[in-house]
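Below: the structure, in structure tokens.
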Amino acid sequence: MNNEIKDNSHIKGWGIDADPKNDPTYPIQHRKEGPFKYERKDQKQQPITQEVLHSNERPNVSAVYGLGPEPSGLSGKLRRFAFEHGEGEFSHWIPLILADRVNAIEGVLDDLKNGKFPNIIIEKGWPAQWKHDKKGLIKKLSIYTAITVGTIWLIVRKK
Amino acid sequence: MLATNYRGKRRIRVDRDAPIPEIQHTQDAIIKVTRTCICGSDLHLYNGNVPDTRVGSVFGHEFVGIVSEIGNDVTNIKVGDQVIVPFNIACGECIFCEQELYASCHESNAQSTALSGIFGYSHLAGGHQGGQAEYVRVPYANVGPMVIPENMDLDDAVLLADILPTGYQAAEMGGIQKGDTVVVFGAGPVGIMAAKCAWLFGAGRVIVIDKEEYRLDFVRQYANCEVYNFLSLEDPVRFIKQITDWVGADVCIDAVGAEAAGDALQTITGRKLLLQAGSATALQWAINSVKKGGIVSVVGVYGPTGNLVPIGNVVNKGITIRAGQASVKRLLPRLIKHLQDGIINPKELITHRIPLEEAADAYRMFSGKLDYMIKPVLILPTVSL
Ligand SMILES: NC(=O)c1ccc[n+]([C@@H]2O[C@H](COP(=O)([O-])OP(=O)(O)OC[C@H]3O[C@@H](n4cnc5c(N)ncnc54)[C@H](O)[C@@H]3O)[C@@H](O)[C@H]2O)c1
Ligand SMILES: [Zn+2]
Ligand SMILES: [Zn+2]
């Protein structure tokens, strides 16, 4: 704290929430007496109607869970493998990161299977970038093109 | 219904025929969304940096709406109510909720024990579908949703779901004492709110650091603070020491998180190669520019794997680090009062109103800081602009 406290009272609301007792555990305002143990109280279990992977650092599926996409395909296999490992392990996170990449490819294949060609230009928001940052978009697309052409050239040359 | 649909890194599709969510649990409600925002936190998902972000996910954790259906055990809200929905999904009964640590609820996220469920925030946060859609399923509807006070503008209300409470908690966790010098890294919506709220705790001086000149201009006006562009500083840490009588700031706030710029090594290892859970440049600067014995408050979000931070300096300087996802429900009553008393005007941050159908463009613009965007609100087709 500065020795001389600047008077900032011209700023609306200055100091209204000042609290000299704001100690490092302040966010815990309603401190509960321990010992702590995990128990389910009145929270009813949401009926489990889909595959829910749960952390192996807890005994059960949480009382409610989200209905986002279920694990499926190769990415699903990777996710199931990941959840056999604890949250502190790279063997949990690396398969998940990999699964996300695989899942994006699965998404494109799924679209094609359903007769839908993904509109990458719209999905990537390039129209907005074209409007507000032409230079950036041109630079990015040139880099993409250079990489693609370069890769094709390397492959063709090897053959 | 209309809903966003994540297709992979930096690809958002808007579906017109997504199924309307249904009640799954007696404490669920279905909310018809009237306003929803894109948050800096969504950018970590958008950039593909959060593990277990599945294709087909609906994003969005900042929204307000009208209750359209309730489960049998819901008594605190009724069909037709206009509600603010905090981004944390909390049961209200577990040992963490009992201590008002709603961002740590243990009964809303099966996949990770580190945090509560969050709407539209990947399976790392419980796999709940989000609010960048026409309808959203809201679990524990007796606990989270709060009826919007009469006369409150929906644009103000939607910023109470996350941004204002997060900025406020950032300042609160700084343990700011009267006269303290507070440095806020990041002039995004969260940093702007943190700077504004730092004064409420009696700060003597508030300094904001960013690289986007238009955001610095805004926050200088909006939060009466000093601003510096780190692109024009050779060494931001040394600069902060220099302007604080060579001691360092009393409190530093990281309101940037994993997408931080400013240090090539951090950017390449954290954002490009994913060798760490995002780039920790702002946190590194915060730790290095706070005074010995000072407090670093972290609301910037990082992934779960780990980051390159100068932990040796934390030890040597005897710094206290405080961090957290905002416990929105705990803070709402106080913040609503501040809003009604005219102390904070959140909606001034809104620079863009974009139809939900154009969500992909909105993501691109928010991510690239294009067209002087600070906070975009996505508007539903059934709601007039
Ligand atoms: N803890 C919570 O409950 C919570 C809630 C909401 C958001 N967040 C997090 O807060 C952070 C900010 O959110 P936002 O909506 O303001 O995002 P934003 O992307 O709009 O703002 C981030 C700002 O940081 C700036 N920046 C980049 N590198 C910097 C650096 N090294 N130093 C200083 N500034 C730098 C950017 O230019 C940008 O203006 C994100 O990490 C987000 O995930 C946390
Ligand atoms: Zn958010
Ligand atoms: Zn709980």
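Ligands are numbered from 1 in the order shown, chains are lettered A, B, ... in the order of the structure tokens, and residues start at 1 in each chain.
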**Request:** Report the residues of stretch 86-326 of chain B whose backbone DSSP state falls under strand (DSSP E or B), written as number ranges by chain.
**Result:** B: 88-89, 117-118, 133, 135-138, 146-147, 181-185, 205-210, 226-229, 249-254, 259, 279, 290-298, 320-323
**Prompt:** Would you give me, as an NGL selection string, the residues in chain A that DSSP reads as helix (DSSP H, G or I)?
**Reply:** :A and (73-82 or 90-113 or 120-123 or 126-132 or 134-158)
**Request:** For chain A, report every residue with an atom at most 6 Å from chain B (counting only C-alpha atoms), formatted as a count of residues only.
**Result:** 33
**Nearby residues, ligand 1, 6 Å, only C-alpha atoms and all ligand atoms, as a ChimeraX atom specification** = /B:39-41,162-163,166,185-191,209-212,255-258,260-262,281-282,299-301,324-326
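Atom CA of B:Lys375 is positioned 19.7 Å from atom CA of B:Ile336.
Here the question is which of A:Leu78, A:Arg58, A:Pro20, A:Lys41 gets nearest to ligand 3 using only C-alpha atoms and all ligand atoms, and that residue is A:Lys41.
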**Message:** Nearest residue to ligand 2 out of B:Val206, B:Val79, B:Val328, B:Ile379, using only C-alpha atoms and all ligand atoms?
**Reply:** B:Val328
**Message:** Applying 10 Å and only C-alpha atoms, which residues near stretch 345-350 of chain B remain after dropping the ones on its own chain fewer than 3 positions away? List them as a count of residues only.
**Reply:** 29
